[in-house]
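A.B. asks: Got a structure for you, final_19.txt, holding compact mmCIF, C-alpha atoms.
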```txt
# COMPACT_ATOMS: atom_id res chain seq x y z
CA MET A 1 16.40 24.56 30.47
CA LEU A 2 15.07 25.22 26.98
CA THR A 3 18.56 24.86 25.54
CA LEU A 4 18.95 21.47 27.23
CA ALA A 5 15.60 20.28 25.86
CA ILE A 6 16.57 21.37 22.33
CA TRP A 7 19.96 19.65 22.72
CA ILE A 8 18.27 16.38 23.77
CA VAL A 9 15.74 16.48 20.91
CA VAL A 10 18.33 17.29 18.24
CA ASN A 11 20.77 14.63 19.44
CA GLY A 12 17.95 12.11 19.76
CA ALA A 13 16.95 12.80 16.14
CA ILE A 14 20.54 12.36 14.99
CA GLY A 15 20.76 9.16 17.02
CA ALA A 16 17.61 7.90 15.26
CA LEU A 17 19.19 8.62 11.88
CA VAL A 18 22.28 6.68 12.92
CA GLY A 19 19.99 3.90 14.16
CA LEU A 20 18.55 3.47 10.67
CA ILE A 21 21.79 1.73 9.65
CA PRO A 22 21.52 -1.22 12.08
CA TYR A 23 17.73 -1.14 11.64
CA PHE A 24 17.94 -1.98 7.94
CA LEU A 25 20.83 -4.40 8.50
CA CYS A 26 18.73 -6.35 11.01
CA LYS A 27 15.69 -6.27 8.70
CA SER A 28 17.82 -7.66 5.85
CA GLN A 29 18.78 -10.58 8.13
CA LEU A 30 15.10 -11.28 8.96
CA LYS A 31 15.40 -10.01 12.55
CA PRO A 32 12.53 -7.54 13.04
CA ASN A 33 12.80 -7.61 16.85
CA MET A 34 16.43 -6.59 16.80
CA ALA A 35 15.78 -3.95 14.13
CA GLN A 36 13.21 -2.13 16.27
CA LEU A 37 15.37 -2.45 19.38
CA ALA A 38 18.41 -1.04 17.54
CA LEU A 39 16.48 2.02 16.38
CA LEU A 40 15.10 2.65 19.88
CA CYS A 41 18.48 2.26 21.60
CA CYS A 42 20.25 4.52 19.10
CA THR A 43 17.61 7.23 19.58
CA ILE A 44 17.94 7.08 23.38
CA GLY A 45 21.73 6.86 23.18
CA GLY A 46 21.88 9.88 20.89
CA ALA A 47 19.72 11.91 23.27
CA VAL A 48 22.19 11.19 26.10
CA VAL A 49 25.56 11.27 24.30
CA PHE A 50 25.87 11.27 20.51
CA GLY A 51 28.91 8.99 20.57
CA LEU A 52 26.88 6.41 22.44
CA ALA A 53 24.45 6.15 19.50
CA VAL A 54 27.36 5.35 17.17
CA LEU A 55 28.68 2.63 19.50
CA VAL A 56 25.19 1.13 19.86
CA ALA A 57 24.74 1.17 16.06
CA ILE A 58 28.04 -0.66 15.57
CA GLY A 59 27.09 -3.24 18.20
CA PHE A 60 23.71 -3.97 16.64
CA GLY A 61 25.24 -4.02 13.15
CA VAL A 62 27.61 -6.79 14.20
CA ALA A 63 24.88 -8.63 16.12
CA ALA A 64 22.66 -8.65 13.01
CA PHE A 65 25.07 -11.04 11.32
CA VAL A 66 26.24 -13.21 14.21
CA SER A 67 23.13 -13.72 16.34
CA ALA A 68 20.31 -16.22 15.94
CA GLY A 69 17.08 -15.17 14.22
CA ASP A 70 14.15 -13.56 16.00
CA THR A 71 11.32 -15.83 17.10
CA ALA A 72 8.41 -13.34 17.06
CA PRO A 73 7.77 -9.65 16.47
CA VAL A 74 8.11 -7.37 19.52
CA PHE A 75 5.43 -4.82 18.76
CA ARG A 76 2.36 -6.44 17.25
CA ARG A 77 -0.92 -4.65 16.67
CA LYS A 78 -4.07 -6.54 17.44
CA PRO A 79 -5.05 -8.11 14.09
CA PRO A 80 -8.51 -7.60 12.62
CA ALA A 81 -11.02 -10.38 13.13
CA ALA A 82 -11.40 -12.91 10.33
CA PRO A 83 -13.14 -16.25 9.99
CA ALA A 84 -10.99 -19.14 11.21
CA ALA A 85 -10.08 -21.88 8.77
CA PRO A 86 -8.93 -25.44 9.39
CA GLN A 87 -5.27 -26.25 8.79
CA PRO A 88 -5.37 -29.81 7.43
CA GLY A 89 -2.66 -31.64 5.54
CA PRO A 90 0.65 -33.34 6.20
CA ALA A 91 3.80 -31.87 7.71
CA TYR A 92 5.87 -29.36 5.77
CA TYR A 93 7.11 -30.40 2.36
CA GLU A 94 10.76 -31.30 2.01
CA TYR A 95 12.85 -29.86 -0.82
CA ASN A 96 12.37 -32.88 -3.07
CA ASP A 97 8.59 -32.34 -2.93
CA GLN A 98 8.54 -28.69 -3.98
CA SER A 99 6.96 -29.43 -7.35
CA ARG A 100 3.83 -30.72 -5.58
CA LEU A 101 2.84 -27.45 -3.87
CA GLY A 102 0.32 -25.09 -5.47
CA LEU A 103 -1.58 -21.90 -4.67
CA ARG A 104 -5.33 -21.51 -5.26
CA CYS A 105 -7.19 -18.20 -5.14
CA LEU A 106 -10.45 -18.65 -3.21
CA SER A 107 -11.83 -15.12 -3.52
CA GLY A 108 -11.06 -11.79 -5.14
CA PRO A 109 -10.32 -10.80 -8.75
CA MET A 110 -8.42 -14.05 -9.49
CA LYS A 111 -10.84 -16.46 -7.84
CA GLY A 112 -10.49 -19.99 -9.16
CA ARG A 113 -6.98 -19.60 -10.55
CA VAL A 114 -4.29 -22.08 -9.51
CA TYR A 115 -0.54 -21.39 -9.56
CA PRO A 116 2.32 -23.87 -9.07
CA VAL A 117 4.75 -22.73 -6.37
CA GLY A 118 7.82 -24.51 -7.73
CA SER A 119 11.37 -24.61 -6.42
CA ASP A 120 11.85 -20.83 -6.70
CA GLY A 121 8.73 -19.97 -4.72
CA ILE A 122 6.14 -17.48 -5.91
CA MET A 123 5.54 -13.74 -5.43
CA MET A 124 2.21 -11.90 -5.27
CA GLY A 125 1.54 -8.23 -5.89
CA ARG A 126 0.82 -5.56 -8.51
CA ASP A 127 4.27 -5.35 -10.12
CA TYR A 128 5.11 -6.92 -13.48
CA ASP A 129 7.57 -9.43 -11.96
CA CYS A 130 4.93 -11.05 -9.71
CA ALA A 131 3.76 -14.51 -10.75
CA VAL A 132 0.39 -13.81 -9.08
CA ARG A 133 -0.16 -10.36 -10.53
CA PHE A 134 -3.06 -8.15 -9.45
CA ASP A 135 -4.42 -5.32 -11.56
CA PRO A 136 -2.45 -2.10 -10.84
CA GLN A 137 -5.65 -0.46 -9.57
CA THR A 138 -6.48 -3.21 -7.05
CA PRO A 139 -6.94 -1.53 -3.64
CA GLY A 140 -5.05 -2.88 -0.63
CA ILE A 141 -2.39 -4.70 -2.68
CA SER A 142 1.22 -3.50 -2.74
CA ARG A 143 3.59 -3.76 -5.72
CA HIS A 144 5.45 -6.61 -3.99
CA HIS A 145 2.98 -7.77 -1.36
CA CYS A 146 3.72 -11.35 -0.25
CA SER A 147 5.67 -14.41 -1.32
CA ILE A 148 5.87 -18.14 -0.69
CA ARG A 149 9.43 -19.34 -0.20
CA TRP A 150 11.21 -22.52 0.81
CA TYR A 151 12.77 -22.03 4.21
CA GLN A 152 14.56 -24.60 6.38
CA GLY A 153 13.05 -27.54 4.52
CA GLY A 154 9.45 -26.32 4.35
CA ALA A 155 7.17 -23.73 2.77
CA ALA A 156 6.96 -20.29 4.38
CA LEU A 157 4.77 -17.22 3.85
CA VAL A 158 6.69 -13.92 3.83
CA ASP A 159 5.01 -10.52 3.86
CA LEU A 160 7.24 -8.20 1.80
CA GLY A 161 6.66 -5.08 3.89
CA SER A 162 3.24 -4.46 2.34
CA SER A 163 1.21 -1.39 3.34
CA TYR A 164 -1.99 -3.27 4.18
CA GLY A 165 -0.43 -6.47 5.50
CA SER A 166 -0.71 -10.21 4.88
CA PHE A 167 -2.75 -12.35 7.29
CA LEU A 168 -3.40 -15.96 8.10
CA ALA A 169 -7.07 -16.90 7.78
CA ASN A 170 -7.53 -16.60 11.56
CA GLY A 171 -6.55 -12.91 11.39
CA THR A 172 -2.93 -13.23 12.57
CA ARG A 173 -0.85 -10.63 10.77
CA LEU A 174 2.43 -11.84 9.29
CA PRO A 175 5.44 -9.86 10.53
CA PRO A 176 7.11 -8.02 7.62
CA ASN A 177 10.03 -9.80 5.93
CA TYR A 178 9.88 -12.73 8.34
CA PRO A 179 9.09 -16.33 7.25
CA THR A 180 6.00 -17.96 8.75
CA ALA A 181 5.73 -21.74 8.32
CA ALA A 182 2.94 -22.96 6.03
CA GLN A 183 1.69 -26.26 4.61
CA VAL A 184 -1.02 -27.75 2.43
CA GLY A 185 -4.35 -26.39 3.66
CA THR A 186 -2.92 -23.14 5.01
CA ARG A 187 -5.18 -20.21 4.12
CA PHE A 188 -4.12 -16.57 4.10
CA TYR A 189 -5.24 -13.28 2.64
CA LEU A 190 -3.66 -10.09 1.33
CA GLY A 191 -4.96 -6.82 2.74
CA THR A 192 -8.52 -8.00 3.38
CA PRO A 193 -10.30 -11.40 3.52
CA ALA A 194 -11.63 -10.58 0.05
CA ASN A 195 -8.23 -11.69 -1.35
CA LEU A 196 -8.11 -15.20 0.13
CA PHE A 197 -5.64 -17.91 -0.96
CA GLU A 198 -4.99 -21.52 0.00
CA LEU A 199 -1.95 -23.77 -0.37
CA ILE A 200 -2.89 -27.01 -2.14
CA GLN A 201 -1.30 -30.24 -3.26
CA MET A 202 -0.87 -30.29 -7.04
```
Represent the structure from my file as structure tokens, please.

C.D. replies:
Amino acid sequence: MLTLAIWIVVNGAIGALVGLIPYFLCKSQLKPNMAQLALLCCTIGGAVVFGLAVLVAIGFGVAAFVSAGDTAPVFRRKPPAAPAAPQPGPAYYEYNDQSRLGLRCLSGPMKGRVYPVGSDGIMMGRDYDCAVRFDPQTPGISRHHCSIRWYQGGAALVDLGSSYGSFLANGTRLPPNYPTAAQVGTRFYLGTPANLFELIQM
């Protein structure tokens, strides 16, 4: 009985390692639901029959490139409470209006600063290549924390897998590496409400 339990645990661990391949493939294709499901299925498959984990990994690897994108994260923690903010403004900007979108810092160490988003988007974090660059000692901010990108004709907020998360002003946490539609008037914060930003019309 003990030998069987050890066999299941070891094969499950190997299956999980195999599952990391489709997990990161799915993440790279902005499919967080599928990534988590692939890792879970490979772990279970490995615990039953190791070869099954390999077949599952191959299946999810192919599906990562041919399937439609996820619509929402599967496992979502309850976000912390935060003051709600109105979401005024027109519909999403089209590509020919990208030069009109800006980012204003409402609170935190860069309060009052305004940044143009531009056609290439904008990245926020502690690293040197971030256009909105926090001091390296700023707590709750990752090296590459969050970005604003142009996605399917409109602006989108994308959390870059930050440790402390990116949130809309109402407390909804952005799923990592997954675009969330935004527009003029959208407010969001990095880590805590102390680092609050708003999209504005330039």

A.B. asks: Expressed in Å to a single decimal, how great is the separation between atom CA of Ser163 of chain A and atom CA of Tyr189 of chain A?

C.D. replies: 13.5 Å

A.B. asks: So, with all atoms listed in the file as the atoms that count, which of A:Leu37, A:Ile44, A:Ala181, A:Cys105 lies closest to Ile148 of chain A?

C.D. replies: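 With all atoms listed in the file as the atom set, the closest residue is A:Ala181.
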
A.B. asks: Counting all atoms listed in the file, figure out which residue out of A:Phe197, A:Tyr178, A:Trp150, A:Tyr23 gets nearest to Met110 of chain A.

C.D. replies: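 Of A:Phe197, A:Tyr178, A:Trp150, A:Tyr23, the one nearest Met110 of chain A is A:Phe197, counting all atoms listed in the file.
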
A.B. asks: Would you compute the distance between atom CA of Gly171 of chain A and atom CA of Phe188 of chain A? Give it in Å to one decimal.

C.D. replies: 8.5 Å

A.B. asks: When you draw a straight line from atom CA of Ser119 of chain A to atom CA of Gly140 of chain A, how long is it in Å?

C.D. replies: 27.8 Å

A.B. asks: Residues within 9 Å of Ala131 of chain A, please, as an MDAnalysis selection string. Count only C-alpha atoms; anything in the same chain fewer than 5 positions from it doesn't count.

C.D. replies: chainID A and resid 115 122:125

A.B. asks: Name the closest residue to Ser142 of chain A among the candidates A:Ala182, A:Leu199, A:Leu190, A:Val114; distances are taken between atoms, counting all atoms listed in the file.

C.D. replies: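 Nearest candidate to Ser142 of chain A out of A:Ala182, A:Leu199, A:Leu190, A:Val114: A:Leu190.
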
A.B. asks: Tell me which of A:Met202, A:Leu168, A:Ala194, A:Val158 sits closest to Thr180 of chain A, counting all atoms listed in the file.

C.D. replies: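 Nearest to Thr180 of chain A: A:Val158.
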
A.B. asks: My list of candidates is A:Arg187, A:Arg126, A:Arg143, A:Arg149. Which is closest to Thr172 of chain A when distances are computed with only C-alpha atoms?

C.D. replies: A:Arg187

A.B. asks: With distances taken over all atoms listed in the file, which residue among A:Asp129, A:Thr3, A:Gly191, A:Phe24 lies nearest Asp159 of chain A?

C.D. replies: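 The closest residue to Asp159 of chain A is A:Gly191.
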
A.B. asks: Please list as a PyMOL selection string every residue within 12 Å of Gly121 of chain A, counting only C-alpha atoms and excluding residues in the same chain fewer than 6 positions away.

C.D. replies: chain A and resi 95+98-103+115+130-132+146-151+154-158
